[in-house]
Amino acid sequence: MTDIQMNGTELRSDPLADEILQIVNGATKYKIMVQCVESGFFDAIESVGEPASLELLSKKFGYDLEILERLMNTLVSYRLIIVEQNKKGSNTYKNSPSTSKYLTRSKKPTMIGLIMMSDKMCLPLTENLPELLKNGLPKFDINRNIAAMKNGMNKNGVNLTDIKNEKNITEMKMKTIKIEDKISPTCSPTKTNVSKSNKMPPMPNGMNMNKMPPMPNGMMAMKMSMMSTSMMSSMMPKPNNMDNPPCDMLSKFIMSTDAFSCSCASAVVRAFDLSPHREAVDLGGGSGRISIELSNTYTNMKVTMFDLPPVVQLAQKMFPNNSDGTLQYKAGDFFEDDIPSGDLYILGHVLHAWDELRVDQLLNKVFAKLPPGGSLLVLEKVLSDDKSSPEICATNDLILALMSKGKERNASEYQKLFAKHGFTNVQFRYIDGYNYCDAILVKKPF
Ligand SMILES: C[S@@+](CC[C@H](N)C(=O)[O-])C[C@H]1O[C@@H](n2cnc3c(N)ncnc32)[C@H](O)[C@@H]1O
């Protein structure tokens with residue numbers, strides 16, 4: 001024990017540095033998780049089926065033993081891996097329940113889509129922040145891209161021609177969006193990715209292996225063995241719910257939006273008693289996660305999931321076993337087309353993505369369609385009154401500014417918005433936990 005500790009003075013680094021170092025380390029943590037997801041490292045651990053020693057994992061997957069141990073220690077500190085002792089007193093490793101549920105390709109729901117979209121689209125978009133700060137206009141428009149995808153479906157999935165020609169996206173940004181099938185294991189092998197399967201998978205962010213600075217031996221071994229894990233995972237059995245989804249931006253986008261709701265779907269459908277409603281319409285339902293949960297929870301309710309045609313096609317492929325009659329799918333454009341009739345409409349993560357004009361258009365349409373006494377359920381994370389929390393929502397508000405003219409709102413802004421359109425009885429239910437979802441229920445008066 002040192003003299004300094006013995007005289008009882010507090011030994012502490014400058015607290016002013018805490019937040020900054022936490023954010024910096026957060027970025028590194030995030031990148032390590034992305035690499036483990038992309039390379040199929042967690043899939044490899046999952047495939048063993050039981051806690052395994054480092055020696056076994058090293059032998060089975062060709063990992064460098066020392067680097068594997070250091071990676072495992074790091075992942076244990078993030079609580080993504082669990083270490084436990086076997087009967088002989090040696091350490092064995094397995095995925096944590098969170099990793100197993102959300103970060104492996106063999107399970108659903110999965111957050112892999114969100115991670116890929118965040119890494120390839122949201123993070124590069126943050127580079128536009130200084131420009132956005134000066135001129136207030138996003139350089140990239142996610143809604144124009146979604147609209148471009150509307151008619152881009154062919155029998156192999158959505159082609160990217162329209163999006164490639166999108167004028168307001170720089171080449172650099174396109175590279176980041178035109179994901180090179182990094183998550184191909186979740187998708188059925190198309191002709192192109194089958195022929196690629198003997199080659200090295202692409203490096204993240206367009207990096208070229210040949211141009212990379214030399215790595216220390218262990219690191220290179222790790223990188224190489226993670227690469228081979230990636231190739232190996234592309235040969236793993238496909239989960240039967242993902243038999244034939246198109247491997248393109250759309251599927252990644254939808255999988256990423258699915259991650260917005262998959263952890264809270266069960267909570268949001270129970271946030272209010274919706275049982276008096278007979279016909280629900282989930283506008284912009286995405287993967288259909290909320291529709292499915294609704295239909296499973298309120299078995300007497302007829303639920304229609306409404307979205308753009310390619311999205312509906314994809315959602316049905318993602319969850320093929322849910323078309324049991326109470327859940328229906330309808331393709332269309334909620335701005336241009338008539339929307340299905342219902343006494344309950346759901347807008348999940350839709351309002352925050354559009355400018356005021358579009359939001360007004362949509363709310364007018366819903367209000368006009370609803371019978372008196374009907375309801376609208378809005379699923380959005382609600383900002384605090386001063387808009388500085390929760391952190392996840394404040395961050396997403398800025399991301400929305402970088403990719404759309406949409407925004408997150410606080411409770412009083414939602415109150416005003418709904419009042420402007422004639423809705424009454426505005427009720428908020430906050431969903432605990434770290435998530436992107438709160439529930440707001442409003443009524444059309446009698
Ligand atoms: C962020 S996702 C939300 C998905 C889902 N509601 C949820 O909360 O998980 C927005 C959805 O709106 C859909 N969308 C965008 N423009 C649309 C339009 N004009 N008509 C119908 N759906 C549209 C997108 O395809 C996407 O599935």
# chains A, B, ... in the order shown; residues from 1 in each chain; ligands from 1
>>> residues_near_ligand(ligand="ligand 1", cutoff="6 Å", atoms="only C-alpha atoms and all ligand atoms", output="list of chain:residue names")
A:Thr257, A:Asp258, A:Phe260, A:Ser261, A:Gly284, A:Gly285, A:Gly286, A:Asp307, A:Leu308, A:Val311, A:Gly332, A:Asp333, A:Phe334, A:Phe335, A:Gly348, A:His349, A:Val350
>>> write_last_selection(atoms="C-alpha atoms", output="compact mmCIF listing (two decimals), in the first residue's frame")
# COMPACT_ATOMS: atom_id res chain seq x y z
CA THR A 257 -36.23 -0.69 -38.06
CA ASP A 258 -37.29 -4.05 -36.66
CA PHE A 260 -36.32 -0.30 -33.03
CA SER A 261 -39.40 -2.18 -31.93
CA GLY A 284 -45.70 1.98 -42.15
CA GLY A 285 -45.56 -1.31 -40.24
CA GLY A 286 -42.06 -2.21 -41.48
CA ASP A 307 -46.45 -0.44 -46.03
CA LEU A 308 -44.83 0.13 -49.41
CA VAL A 311 -41.56 -3.77 -47.65
CA GLY A 332 -49.62 0.95 -50.66
CA ASP A 333 -48.39 4.46 -50.14
CA PHE A 334 -49.93 6.18 -47.12
CA PHE A 335 -49.63 9.58 -48.77
CA GLY A 348 -44.78 3.47 -35.13
CA HIS A 349 -41.64 5.52 -35.79
CA VAL A 350 -43.32 7.19 -38.72
>>> select_by_dssp(residues="range 339-437 of chain A", states="strand (DSSP E or B)", output="list in words")
Leu344, Tyr345, Ile346, Leu347, Gly348, Ser375, Leu376, Leu377, Val378, Leu379, Glu380, Leu383, Asn410, Thr424, Asn425, Val426, Gln427, Phe428 and Arg429 of chain A
>>> residues_around(residues="Val378 in chain A", least_positions_apart="2", cutoff="8 Å", atoms="only C-alpha atoms", output="PyMOL selection string")
chain A and resi 346-349+376+380+439-441
>>> write_last_selection(atoms="N, CA and C atoms", output="tab-separated table (two decimals), in the first residue's frame")
chain	number	residue	atom	x	y	z
A	346	ILE	N	-52.13	2.66	-36.11
A	346	ILE	CA	-50.85	2.68	-35.41
A	346	ILE	C	-49.84	3.38	-36.31
A	347	LEU	N	-49.13	4.32	-35.73
A	347	LEU	CA	-48.02	4.96	-36.45
A	347	LEU	C	-46.77	4.78	-35.60
A	348	GLY	N	-45.98	3.77	-35.92
A	348	GLY	CA	-44.78	3.47	-35.13
A	348	GLY	C	-43.54	3.99	-35.83
A	349	HIS	N	-42.88	4.94	-35.23
A	349	HIS	CA	-41.64	5.52	-35.79
A	349	HIS	C	-41.86	6.04	-37.19
A	376	LEU	N	-55.85	6.42	-32.22
A	376	LEU	CA	-54.56	6.38	-32.91
A	376	LEU	C	-53.49	6.10	-31.86
A	380	GLU	N	-43.41	6.36	-30.42
A	380	GLU	CA	-42.20	7.17	-30.61
A	380	GLU	C	-41.57	7.36	-29.23
A	439	ALA	N	-45.36	4.98	-25.76
A	439	ALA	CA	-46.66	4.82	-26.42
A	439	ALA	C	-47.56	6.01	-26.11
A	440	ILE	N	-48.22	6.51	-27.16
A	440	ILE	CA	-49.15	7.64	-26.99
A	440	ILE	C	-50.47	7.23	-27.62
A	441	LEU	N	-51.53	7.36	-26.85
A	441	LEU	CA	-52.85	6.99	-27.41
A	441	LEU	C	-53.72	8.25	-27.47
>>> atom_distance(atom1="CA of Val382 in chain A", atom2="CA of Glu408 in chain A")
7.0 Å
>>> atom_distance(atom1="CA of Asn145 in chain A", atom2="CA of Cys264 in chain A")
26.7 Å
>>> residues_around(residues="range 110-121 of chain A", least_positions_apart="3", cutoff="7 Å", atoms="only C-alpha atoms", output="PyMOL selection string")
chain A and resi 34+101-104+107+124-125+176-177+252-253+255-257+259
>>> write_last_selection(atoms="all heavy atoms", output="tab-separated table (two decimals), in the first residue's frame")
chain	number	residue	atom	x	y	z
A	34	VAL	N	-19.18	-4.30	-33.36
A	34	VAL	CA	-19.53	-4.38	-34.79
A	34	VAL	C	-18.66	-5.43	-35.48
A	34	VAL	O	-19.15	-6.26	-36.25
A	34	VAL	CB	-19.36	-3.00	-35.48
A	34	VAL	CG1	-19.44	-3.13	-37.00
A	34	VAL	CG2	-20.43	-2.03	-34.99
A	101	LYS	N	-29.49	-13.55	-27.85
A	101	LYS	CA	-30.81	-13.20	-28.38
A	101	LYS	C	-30.74	-12.18	-29.52
A	101	LYS	O	-31.48	-12.29	-30.49
A	101	LYS	CB	-31.66	-12.63	-27.24
A	101	LYS	CG	-33.08	-12.27	-27.66
A	101	LYS	CD	-33.95	-11.95	-26.46
A	101	LYS	CE	-35.38	-11.67	-26.90
A	101	LYS	NZ	-36.24	-11.28	-25.79
A	102	TYR	N	-29.85	-11.19	-29.39
A	102	TYR	CA	-29.90	-10.07	-30.33
A	102	TYR	C	-28.72	-9.97	-31.31
A	102	TYR	O	-28.78	-9.21	-32.26
A	102	TYR	CB	-30.01	-8.75	-29.57
A	102	TYR	CG	-31.36	-8.56	-28.91
A	102	TYR	CD1	-31.49	-8.53	-27.52
A	102	TYR	CD2	-32.51	-8.40	-29.67
A	102	TYR	CE1	-32.72	-8.35	-26.92
A	102	TYR	CE2	-33.75	-8.22	-29.08
A	102	TYR	CZ	-33.85	-8.19	-27.71
A	102	TYR	OH	-35.08	-8.01	-27.12
A	103	LEU	N	-27.64	-10.68	-31.05
A	103	LEU	CA	-26.45	-10.47	-31.90
A	103	LEU	C	-26.02	-11.72	-32.67
A	103	LEU	O	-24.92	-11.76	-33.20
A	103	LEU	CB	-25.27	-9.95	-31.05
A	103	LEU	CG	-25.48	-8.61	-30.36
A	103	LEU	CD1	-24.23	-8.20	-29.58
A	103	LEU	CD2	-25.84	-7.51	-31.35
A	104	THR	N	-26.86	-12.73	-32.69
A	104	THR	CA	-26.51	-13.92	-33.48
A	104	THR	C	-27.53	-14.09	-34.60
A	104	THR	O	-28.70	-13.76	-34.44
A	104	THR	CB	-26.47	-15.20	-32.62
A	104	THR	OG1	-27.75	-15.39	-32.03
A	104	THR	CG2	-25.43	-15.11	-31.52
A	107	LYS	N	-30.89	-16.44	-34.31
A	107	LYS	CA	-32.05	-16.15	-33.47
A	107	LYS	C	-32.85	-14.99	-34.05
A	107	LYS	O	-32.32	-14.15	-34.75
A	107	LYS	CB	-31.58	-15.72	-32.07
A	107	LYS	CG	-30.77	-16.75	-31.33
A	107	LYS	CD	-31.65	-17.72	-30.58
A	107	LYS	CE	-30.87	-18.89	-30.05
A	107	LYS	NZ	-29.91	-18.54	-29.03
A	124	PRO	N	-21.43	7.32	-40.73
A	124	PRO	CA	-20.85	8.19	-41.76
A	124	PRO	C	-21.61	9.50	-41.93
A	124	PRO	O	-21.01	10.54	-42.20
A	124	PRO	CB	-20.94	7.34	-43.03
A	124	PRO	CG	-20.99	5.93	-42.54
A	124	PRO	CD	-21.72	5.97	-41.23
A	125	LEU	N	-22.92	9.46	-41.72
A	125	LEU	CA	-23.71	10.70	-41.88
A	125	LEU	C	-23.33	11.77	-40.86
A	125	LEU	O	-23.50	12.95	-41.11
A	125	LEU	CB	-25.20	10.39	-41.75
A	125	LEU	CG	-25.90	9.86	-43.00
A	125	LEU	CD1	-27.36	9.57	-42.71
A	125	LEU	CD2	-25.79	10.83	-44.16
A	176	THR	N	-21.21	3.77	-48.58
A	176	THR	CA	-21.55	3.32	-47.24
A	176	THR	C	-22.94	2.72	-47.19
A	176	THR	O	-23.23	1.90	-46.34
A	176	THR	CB	-21.46	4.47	-46.21
A	176	THR	OG1	-22.45	5.42	-46.56
A	176	THR	CG2	-20.10	5.09	-46.17
A	177	ILE	N	-23.81	3.14	-48.11
A	177	ILE	CA	-25.17	2.61	-48.08
A	177	ILE	C	-25.25	1.31	-48.86
A	177	ILE	O	-25.99	0.41	-48.53
A	177	ILE	CB	-26.16	3.62	-48.68
A	177	ILE	CG1	-26.12	4.90	-47.87
A	177	ILE	CG2	-27.58	3.08	-48.66
A	177	ILE	CD1	-26.69	6.05	-48.63
A	252	LYS	N	-31.89	-4.59	-45.14
A	252	LYS	CA	-31.13	-4.12	-43.98
A	252	LYS	C	-31.86	-3.00	-43.28
A	252	LYS	O	-31.89	-2.91	-42.05
A	252	LYS	CB	-29.73	-3.70	-44.40
A	252	LYS	CG	-28.85	-4.92	-44.58
A	252	LYS	CD	-27.79	-4.71	-45.61
A	252	LYS	CE	-27.19	-6.04	-45.98
A	252	LYS	NZ	-27.12	-6.26	-47.40
A	253	PHE	N	-32.49	-2.12	-44.09
A	253	PHE	CA	-33.24	-1.03	-43.49
A	253	PHE	C	-34.40	-1.57	-42.65
A	253	PHE	O	-34.60	-1.15	-41.51
A	253	PHE	CB	-33.77	-0.08	-44.59
A	253	PHE	CG	-34.70	0.98	-44.06
A	253	PHE	CD1	-34.20	2.01	-43.28
A	253	PHE	CD2	-36.05	0.93	-44.31
A	253	PHE	CE1	-35.05	2.98	-42.74
A	253	PHE	CE2	-36.91	1.89	-43.80
A	253	PHE	CZ	-36.41	2.92	-43.01
A	255	MET	N	-34.72	-4.59	-41.43
A	255	MET	CA	-34.21	-5.31	-40.26
A	255	MET	C	-33.75	-4.32	-39.19
A	255	MET	O	-33.86	-4.58	-38.00
A	255	MET	CB	-33.08	-6.25	-40.65
A	255	MET	CG	-33.60	-7.51	-41.29
A	255	MET	SD	-32.33	-8.74	-41.46
A	255	MET	CE	-31.54	-8.21	-42.94
A	256	SER	N	-33.24	-3.16	-39.65
A	256	SER	CA	-32.79	-2.19	-38.66
A	256	SER	C	-33.98	-1.55	-37.96
A	256	SER	O	-33.96	-1.32	-36.76
A	256	SER	CB	-31.87	-1.14	-39.28
A	256	SER	OG	-32.62	-0.16	-39.94
A	257	THR	N	-35.07	-1.28	-38.73
A	257	THR	CA	-36.23	-0.69	-38.06
A	257	THR	C	-36.88	-1.72	-37.14
A	257	THR	O	-37.45	-1.37	-36.12
A	257	THR	CB	-37.28	-0.16	-39.06
A	257	THR	OG1	-37.83	-1.26	-39.76
A	257	THR	CG2	-36.70	0.84	-40.02
A	259	ALA	N	-35.34	-3.66	-35.29
A	259	ALA	CA	-34.62	-3.59	-34.02
A	259	ALA	C	-35.11	-2.42	-33.16
A	259	ALA	O	-34.92	-2.41	-31.95
A	259	ALA	CB	-33.12	-3.48	-34.27
>>> residues_around(residues="Met305 in chain A", least_positions_apart="5", cutoff="9 Å", atoms="only C-alpha atoms", output="ChimeraX atom specification")
/A:280-286,288,290-292,312,327-331
>>> write_last_selection(atoms="C-alpha atoms", output="PDB file, in the first residue's frame")
ATOM      1  CA  ALA A 280     -56.276  -2.150 -36.423  1.00  0.00           C
ATOM      2  CA  VAL A 281     -54.173  -0.715 -39.247  1.00  0.00           C
ATOM      3  CA  ASP A 282     -50.426  -0.488 -38.701  1.00  0.00           C
ATOM      4  CA  LEU A 283     -49.348   2.271 -41.101  1.00  0.00           C
ATOM      5  CA  GLY A 284     -45.700   1.977 -42.147  1.00  0.00           C
ATOM      6  CA  GLY A 285     -45.564  -1.313 -40.243  1.00  0.00           C
ATOM      7  CA  GLY A 286     -42.060  -2.208 -41.480  1.00  0.00           C
ATOM      8  CA  GLY A 288     -44.658  -6.204 -39.111  1.00  0.00           C
ATOM      9  CA  ILE A 290     -45.951  -4.541 -33.946  1.00  0.00           C
ATOM     10  CA  SER A 291     -48.780  -5.957 -36.083  1.00  0.00           C
ATOM     11  CA  ILE A 292     -47.795  -9.499 -35.143  1.00  0.00           C
ATOM     12  CA  VAL A 312     -44.769  -5.788 -47.403  1.00  0.00           C
ATOM     13  CA  LEU A 327     -53.152 -10.562 -39.629  1.00  0.00           C
ATOM     14  CA  GLN A 328     -53.307  -9.212 -43.149  1.00  0.00           C
ATOM     15  CA  TYR A 329     -50.838  -7.374 -45.301  1.00  0.00           C
ATOM     16  CA  LYS A 330     -51.745  -4.506 -47.604  1.00  0.00           C
ATOM     17  CA  ALA A 331     -49.296  -2.738 -49.889  1.00  0.00           C
TER      18      ALA A 331
END
>>> residues_around(residues="range 78-83 of chain A", least_positions_apart="6", cutoff="6 Å", atoms="only C-alpha atoms", output="list in words")
Thr92, Tyr93, Lys94, Asn95, Ser96 and Thr99 of chain A
>>> closest_residue(among="A:Lys416, A:Gly422, A:Cys437, A:Ala401", to="Gly136 in chain A", atoms="only C-alpha atoms")
A:Ala401
>>> residues_around(residues="range 368-370 of chain A", least_positions_apart="5", cutoff="10 Å", atoms="only C-alpha atoms", output="NGL selection string")
:A and (338-345 or 362-363 or 375-376 or 421 or 443-445)
>>> write_last_selection(atoms="N, CA and C atoms", output="mmCIF file, in the first residue's frame")
data_model
loop_
_atom_site.group_PDB
_atom_site.id
_atom_site.type_symbol
_atom_site.label_atom_id
_atom_site.label_comp_id
_atom_site.auth_asym_id
_atom_site.auth_seq_id
_atom_site.Cartn_x
_atom_site.Cartn_y
_atom_site.Cartn_z
ATOM 1 N N ASP A 338 -55.433 5.311 -50.834
ATOM 2 C CA ASP A 338 -56.421 5.204 -49.763
ATOM 3 C C ASP A 338 -55.857 4.232 -48.723
ATOM 4 N N ILE A 339 -56.058 4.534 -47.463
ATOM 5 C CA ILE A 339 -55.556 3.605 -46.439
ATOM 6 C C ILE A 339 -56.704 2.697 -45.966
ATOM 7 N N PRO A 340 -56.411 1.478 -45.537
ATOM 8 C CA PRO A 340 -57.483 0.565 -45.114
ATOM 9 C C PRO A 340 -58.286 1.162 -43.956
ATOM 10 N N SER A 341 -59.540 0.723 -43.851
ATOM 11 C CA SER A 341 -60.398 1.227 -42.769
ATOM 12 C C SER A 341 -60.040 0.528 -41.453
ATOM 13 N N GLY A 342 -60.222 1.248 -40.381
ATOM 14 C CA GLY A 342 -59.975 0.648 -39.070
ATOM 15 C C GLY A 342 -60.507 1.550 -37.967
ATOM 16 N N ASP A 343 -60.652 0.990 -36.754
ATOM 17 C CA ASP A 343 -61.023 1.850 -35.625
ATOM 18 C C ASP A 343 -59.821 2.087 -34.706
ATOM 19 N N LEU A 344 -58.671 1.549 -35.134
ATOM 20 C CA LEU A 344 -57.414 1.805 -34.422
ATOM 21 C C LEU A 344 -56.296 1.897 -35.463
ATOM 22 N N TYR A 345 -55.626 3.039 -35.505
ATOM 23 C CA TYR A 345 -54.456 3.174 -36.394
ATOM 24 C C TYR A 345 -53.203 3.207 -35.543
ATOM 25 N N LEU A 362 -50.680 13.206 -43.073
ATOM 26 C CA LEU A 362 -50.932 11.849 -42.573
ATOM 27 C C LEU A 362 -51.958 11.855 -41.436
ATOM 28 N N LEU A 363 -51.792 12.811 -40.507
ATOM 29 C CA LEU A 363 -52.727 12.865 -39.375
ATOM 30 C C LEU A 363 -54.133 13.253 -39.842
ATOM 31 N N SER A 375 -59.272 5.240 -32.249
ATOM 32 C CA SER A 375 -58.008 5.664 -31.615
ATOM 33 C C SER A 375 -56.832 5.641 -32.584
ATOM 34 N N LEU A 376 -55.852 6.420 -32.220
ATOM 35 C CA LEU A 376 -54.564 6.378 -32.912
ATOM 36 C C LEU A 376 -53.494 6.095 -31.863
ATOM 37 N N HIS A 421 -55.071 18.591 -34.892
ATOM 38 C CA HIS A 421 -55.777 17.730 -35.837
ATOM 39 C C HIS A 421 -57.104 17.219 -35.294
ATOM 40 N N LYS A 443 -57.592 9.959 -29.154
ATOM 41 C CA LYS A 443 -58.944 9.537 -29.589
ATOM 42 C C LYS A 443 -59.524 10.528 -30.576
ATOM 43 N N LYS A 444 -60.356 10.021 -31.458
ATOM 44 C CA LYS A 444 -61.204 10.918 -32.237
ATOM 45 C C LYS A 444 -62.501 11.058 -31.438
ATOM 46 N N PRO A 445 -62.870 12.293 -31.056
ATOM 47 C CA PRO A 445 -64.052 12.435 -30.191
ATOM 48 C C PRO A 445 -65.342 12.020 -30.891
#
>>> closest_residue(among="A:Leu274, A:Leu21, A:Ile146, A:Leu123", to="Asn396 in chain A", atoms="only C-alpha atoms")
A:Leu123
